[in-house]
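Visitor: If you scroll down you'll find the structure; I have some questions about it.
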Amino acid sequence: MGAESRIIIDNKAIGGEEFDQLAKGKKPIANPAPNPHPARNANNSKGKKSRRRQQQKQPSAAMARPVQRLFDTCKDVFKSGSAGIVPSPDNVEKLRAVLDDIKPADLGLNPDIACLTLANLDGAAPNGKKPAIRYLHLHECNKFSIGVFCLPPSGVIPLHNHPGMTVFSKLLFGTMHIKSYDWVLDEEGKQQPEMKHQQPKVRLAKVKTNSDLTAPCNTSILYPEDGGNMHCFTAVTACAVLDVLGPPYNDDEGRHCQYYFDFPLSQFSVDGVVVPDEEKEGYGWLQERERPADLVVRGELYRGPPFFK
C-alpha cells in the first residue's frame with residue numbers, strides 16, 4: 001500500500017522525526033533520595049554486580065515484543081537494499097514469518113474499539129465524499145517504512161503504484177477488497193503496449209488479484225515488477241492493514257506515488273493486442289491521474305507498545 005510517504009494532519013506535513021519519539025521507552029526515574037545505608041551497599045557490591053551481569057545476559061522485555069522483532073527484522077532485511085533490489089528469498093520469508101505472527105494487540109489496536117471509531121468516521125463523512133483514512137506511523141528511514149492504515153467501511157485507497165519497491169502487507173482485522181495489476185511486458189521486459197497518442201498515457205496491465213481478503217490471513221507481498229505492484233484497497237468492513245515498504249516513497253529519488261484510472265480491455269483498441277474472450281476480464285487499461293482530491297489520510301501518533309531503534 002503506502003499511498004503517501006508523508007501524511008497530512010491538521011494541514012501540516014509530518015514525517016518520521018515527530019513520530020519516532022513515541023517509539024522510545026520511558027526515561028528512567030532518578031532515585032529521589034540518597035541511600036541511607038552506604039556501608040550495606042559496600043558489603044553487597046559483589047552481589048549487585050553479579051545480578052547486573054545476569055540481567056545483561058537476559059533479553060529485555062522490549063526485545064521480546066512482536067513490534068520489536070518486526071523492526072529488527074526490517075532493519076536486517078533492508079540493510080543493503082535500494083530501489084529495484086528485491087531482498088533474497090530467505091529474507092523475504094524471514095520478514096513474512098514475523099508479519100504473519102503480528103496481531104492487532106501487538107500494535108496497541110483493539111479491533112472492537114477501532115471498528116466502532118472507524119464506523120463513526122464513516123458516518124461523519126459528508127454525503128458523496130469518501131471517509132477519511134487513518135495512518136499510524138511507526139517508523140520511516142531511507143531503507144524502509146512501517147505503518148498501519150485504518151480504513152472505515154467503504155474507505156478506499158485508490159489504485160496506485162510502488163516504483164522499485166518490495167511491499168509487505170498484513171491485514172490485521174476486518175475484510176478488504178483488493179484489486180491489483182502488473183504491467184504487461186514484452187520478451188525484453190519492456191512495458192508493452194501503450195497508447196502513445198492518448199494523454200495521459202494509457203498502458204495495458206494484467207489483473208493479479210481481484211478478491212476479498214478477511215483477517216486473520218497470511219501476509220501479501222508485491223515486488224517491483226510483479227505480485228500486483230499497482231493496487232487498490234476498498235474496505236468491505238472497518239479494517240486495518242500493516243504496511244512495510246522497502247524502500248519507501250521518495251520523490252527526489254524517483255519513487256513518486258502515481259495514481260491510476262482503470263478501464264476494461266474493451267475501452268480501447270490497439271493494433272497487435274489480441275486477447276481471447278475468456279481472458280479479457282483478466283486485463284485492463286491503466287491511465288495516469290493526479291492524486292484524487294477526495295483522498296484524505298490523517299496521520300495519527302502510534303500509541304502501541306514501545307520499541308527501540
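Identifiers for the C-alpha cells are assigned positionally: chains receive A, B, ... in sequence, residues are indexed from 1 per chain, and ligands are indexed from 1 in the order shown.
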Applying 6 Å and only C-alpha atoms, which residues near segment 135-141 of chain A remain after dropping the ones on its own chain fewer than 6 positions away? List them as a ChimeraX atom specification.
Guide: /A:16,147-149,298-302
Visitor: With only C-alpha atoms as the counted atoms, please give the residues lying no more than 8 Å from segment 241-253 of chain A, apart from itself and same-chain residues fewer than 2 positions off, as a VMD selection string.
Guide: chain A and resid 1 to 2 4 to 5 78 81 to 83 140 to 150 162 164 to 173 239 255 to 257
Visitor: Quick one: of A:Cys74, A:Ala114, A:Ala132, A:Leu109, who's nearest to Val92 of chain A, counting only C-alpha atoms?
Guide: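 Of A:Cys74, A:Ala114, A:Ala132, A:Leu109, the one nearest Val92 of chain A is A:Cys74, counting only C-alpha atoms.
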Visitor: I need the residue nearest Gly84 of chain A from this list: A:Gly304, A:Pro131, A:Pro292, A:Gly254. Use only C-alpha atoms for the distance.
Guide: A:Gly254
Visitor: Quick one: pick out all strand (DSSP E) residues within segment 248-307 of chain A from a backbone DSSP run and write them as an MDAnalysis selection string.
Guide: chainID A and resid 259:264 283:289 297:301
Visitor: Which residues come within 12 Å of segment 212-217 of chain A, counting only C-alpha atoms, excluding same-chain residues fewer than 5 positions away, as a PDB file with N, CA and C atoms, in the first residue's frame?
Guide:
ATOM      1  N   ARG A  96       8.255 -12.244   6.223  1.00  0.00           N
ATOM      2  CA  ARG A  96       6.884 -12.734   6.097  1.00  0.00           C
ATOM      3  C   ARG A  96       6.460 -13.483   7.360  1.00  0.00           C
ATOM      4  N   LEU A  99       5.671 -11.042  10.187  1.00  0.00           N
ATOM      5  CA  LEU A  99       4.399 -10.357   9.947  1.00  0.00           C
ATOM      6  C   LEU A  99       3.203 -11.291  10.125  1.00  0.00           C
ATOM      7  N   ASP A 100       3.351 -12.531   9.713  1.00  0.00           N
ATOM      8  CA  ASP A 100       2.249 -13.490   9.861  1.00  0.00           C
ATOM      9  C   ASP A 100       1.848 -13.659  11.323  1.00  0.00           C
ATOM     10  N   ASP A 101       2.799 -13.461  12.226  1.00  0.00           N
ATOM     11  CA  ASP A 101       2.532 -13.650  13.662  1.00  0.00           C
ATOM     12  C   ASP A 101       2.008 -12.394  14.349  1.00  0.00           C
ATOM     13  N   ILE A 102       2.029 -11.257  13.651  1.00  0.00           N
ATOM     14  CA  ILE A 102       1.588 -10.000  14.269  1.00  0.00           C
ATOM     15  C   ILE A 102       0.075 -10.003  14.455  1.00  0.00           C
ATOM     16  N   LYS A 103      -0.349  -9.610  15.656  1.00  0.00           N
ATOM     17  CA  LYS A 103      -1.771  -9.479  15.981  1.00  0.00           C
ATOM     18  C   LYS A 103      -2.090  -8.005  16.247  1.00  0.00           C
ATOM     19  N   PRO A 104      -3.347  -7.592  16.133  1.00  0.00           N
ATOM     20  CA  PRO A 104      -3.697  -6.192  16.398  1.00  0.00           C
ATOM     21  C   PRO A 104      -3.197  -5.701  17.753  1.00  0.00           C
ATOM     22  N   PRO A 111      -9.575  -4.343  17.910  1.00  0.00           N
ATOM     23  CA  PRO A 111     -10.463  -4.327  16.750  1.00  0.00           C
ATOM     24  C   PRO A 111     -11.871  -3.837  17.052  1.00  0.00           C
ATOM     25  N   SER A 169       2.257  -6.508   3.098  1.00  0.00           N
ATOM     26  CA  SER A 169       1.002  -6.009   3.669  1.00  0.00           C
ATOM     27  C   SER A 169       0.337  -7.118   4.470  1.00  0.00           C
ATOM     28  N   LYS A 170       0.011  -6.808   5.727  1.00  0.00           N
ATOM     29  CA  LYS A 170      -0.648  -7.784   6.600  1.00  0.00           C
ATOM     30  C   LYS A 170      -1.977  -7.201   7.083  1.00  0.00           C
ATOM     31  N   LEU A 171      -3.093  -7.823   6.664  1.00  0.00           N
ATOM     32  CA  LEU A 171      -4.406  -7.390   7.127  1.00  0.00           C
ATOM     33  C   LEU A 171      -4.566  -7.816   8.584  1.00  0.00           C
ATOM     34  N   LEU A 172      -4.764  -6.836   9.468  1.00  0.00           N
ATOM     35  CA  LEU A 172      -4.817  -7.102  10.903  1.00  0.00           C
ATOM     36  C   LEU A 172      -6.213  -7.488  11.362  1.00  0.00           C
ATOM     37  N   PHE A 173      -7.225  -6.807  10.853  1.00  0.00           N
ATOM     38  CA  PHE A 173      -8.608  -7.181  11.162  1.00  0.00           C
ATOM     39  C   PHE A 173      -9.521  -6.648  10.068  1.00  0.00           C
ATOM     40  N   GLY A 174     -10.720  -7.249   9.981  1.00  0.00           N
ATOM     41  CA  GLY A 174     -11.708  -6.799   9.014  1.00  0.00           C
ATOM     42  C   GLY A 174     -11.607  -7.503   7.672  1.00  0.00           C
ATOM     43  N   THR A 175     -12.415  -7.008   6.725  1.00  0.00           N
ATOM     44  CA  THR A 175     -12.443  -7.543   5.357  1.00  0.00           C
ATOM     45  C   THR A 175     -12.179  -6.426   4.367  1.00  0.00           C
ATOM     46  N   MET A 176     -11.321  -6.698   3.407  1.00  0.00           N
ATOM     47  CA  MET A 176     -10.902  -5.700   2.425  1.00  0.00           C
ATOM     48  C   MET A 176     -10.917  -6.317   1.033  1.00  0.00           C
ATOM     49  N   HIS A 177     -11.402  -5.540   0.058  1.00  0.00           N
ATOM     50  CA  HIS A 177     -11.333  -5.991  -1.337  1.00  0.00           C
ATOM     51  C   HIS A 177     -10.054  -5.436  -1.958  1.00  0.00           C
ATOM     52  N   ILE A 178      -9.323  -6.306  -2.605  1.00  0.00           N
ATOM     53  CA  ILE A 178      -8.059  -5.924  -3.237  1.00  0.00           C
ATOM     54  C   ILE A 178      -8.146  -6.172  -4.731  1.00  0.00           C
ATOM     55  N   LYS A 179      -7.815  -5.149  -5.505  1.00  0.00           N
ATOM     56  CA  LYS A 179      -7.652  -5.322  -6.946  1.00  0.00           C
ATOM     57  C   LYS A 179      -6.265  -4.825  -7.317  1.00  0.00           C
ATOM     58  N   SER A 180      -5.491  -5.685  -7.945  1.00  0.00           N
ATOM     59  CA  SER A 180      -4.111  -5.314  -8.260  1.00  0.00           C
ATOM     60  C   SER A 180      -3.759  -5.702  -9.689  1.00  0.00           C
ATOM     61  N   CYS A 232      -5.415  -1.356  -5.500  1.00  0.00           N
ATOM     62  CA  CYS A 232      -6.457  -0.526  -4.908  1.00  0.00           C
ATOM     63  C   CYS A 232      -7.074  -1.312  -3.764  1.00  0.00           C
ATOM     64  N   PHE A 233      -7.242  -0.667  -2.603  1.00  0.00           N
ATOM     65  CA  PHE A 233      -7.851  -1.300  -1.436  1.00  0.00           C
ATOM     66  C   PHE A 233      -9.199  -0.649  -1.156  1.00  0.00           C
ATOM     67  N   THR A 234     -10.226  -1.468  -0.986  1.00  0.00           N
ATOM     68  CA  THR A 234     -11.561  -0.979  -0.626  1.00  0.00           C
ATOM     69  C   THR A 234     -12.033  -1.725   0.610  1.00  0.00           C
ATOM     70  N   ALA A 235     -12.366  -0.991   1.672  1.00  0.00           N
ATOM     71  CA  ALA A 235     -12.798  -1.613   2.916  1.00  0.00           C
ATOM     72  C   ALA A 235     -14.230  -2.118   2.782  1.00  0.00           C
ATOM     73  N   VAL A 236     -14.419  -3.428   2.944  1.00  0.00           N
ATOM     74  CA  VAL A 236     -15.760  -4.009   2.980  1.00  0.00           C
ATOM     75  C   VAL A 236     -16.358  -3.778   4.362  1.00  0.00           C
ATOM     76  N   THR A 237     -15.535  -3.982   5.382  1.00  0.00           N
ATOM     77  CA  THR A 237     -15.863  -3.623   6.765  1.00  0.00           C
ATOM     78  C   THR A 237     -14.742  -2.732   7.272  1.00  0.00           C
ATOM     79  N   ALA A 238     -14.892  -2.197   8.483  1.00  0.00           N
ATOM     80  CA  ALA A 238     -13.763  -1.486   9.084  1.00  0.00           C
ATOM     81  C   ALA A 238     -12.577  -2.442   9.148  1.00  0.00           C
ATOM     82  N   CYS A 239     -11.409  -1.973   8.762  1.00  0.00           N
ATOM     83  CA  CYS A 239     -10.250  -2.859   8.710  1.00  0.00           C
ATOM     84  C   CYS A 239      -8.964  -2.066   8.893  1.00  0.00           C
ATOM     85  N   ALA A 240      -7.883  -2.800   9.137  1.00  0.00           N
ATOM     86  CA  ALA A 240      -6.563  -2.187   9.303  1.00  0.00           C
ATOM     87  C   ALA A 240      -5.531  -3.076   8.644  1.00  0.00           C
ATOM     88  N   VAL A 241      -4.582  -2.468   7.958  1.00  0.00           N
ATOM     89  CA  VAL A 241      -3.537  -3.224   7.281  1.00  0.00           C
ATOM     90  C   VAL A 241      -2.177  -2.641   7.651  1.00  0.00           C
ATOM     91  N   LEU A 242      -1.292  -3.518   8.060  1.00  0.00           N
ATOM     92  CA  LEU A 242       0.089  -3.153   8.413  1.00  0.00           C
ATOM     93  C   LEU A 242       0.925  -3.199   7.152  1.00  0.00           C
TER      94      LEU A 242
END
Visitor: As a ChimeraX atom specification, please: the residues near Pro264 of chain A (cut-off 9 Å, only C-alpha atoms, same-chain neighbours under 6 positions excluded).
Guide: /A:280-281,283-285
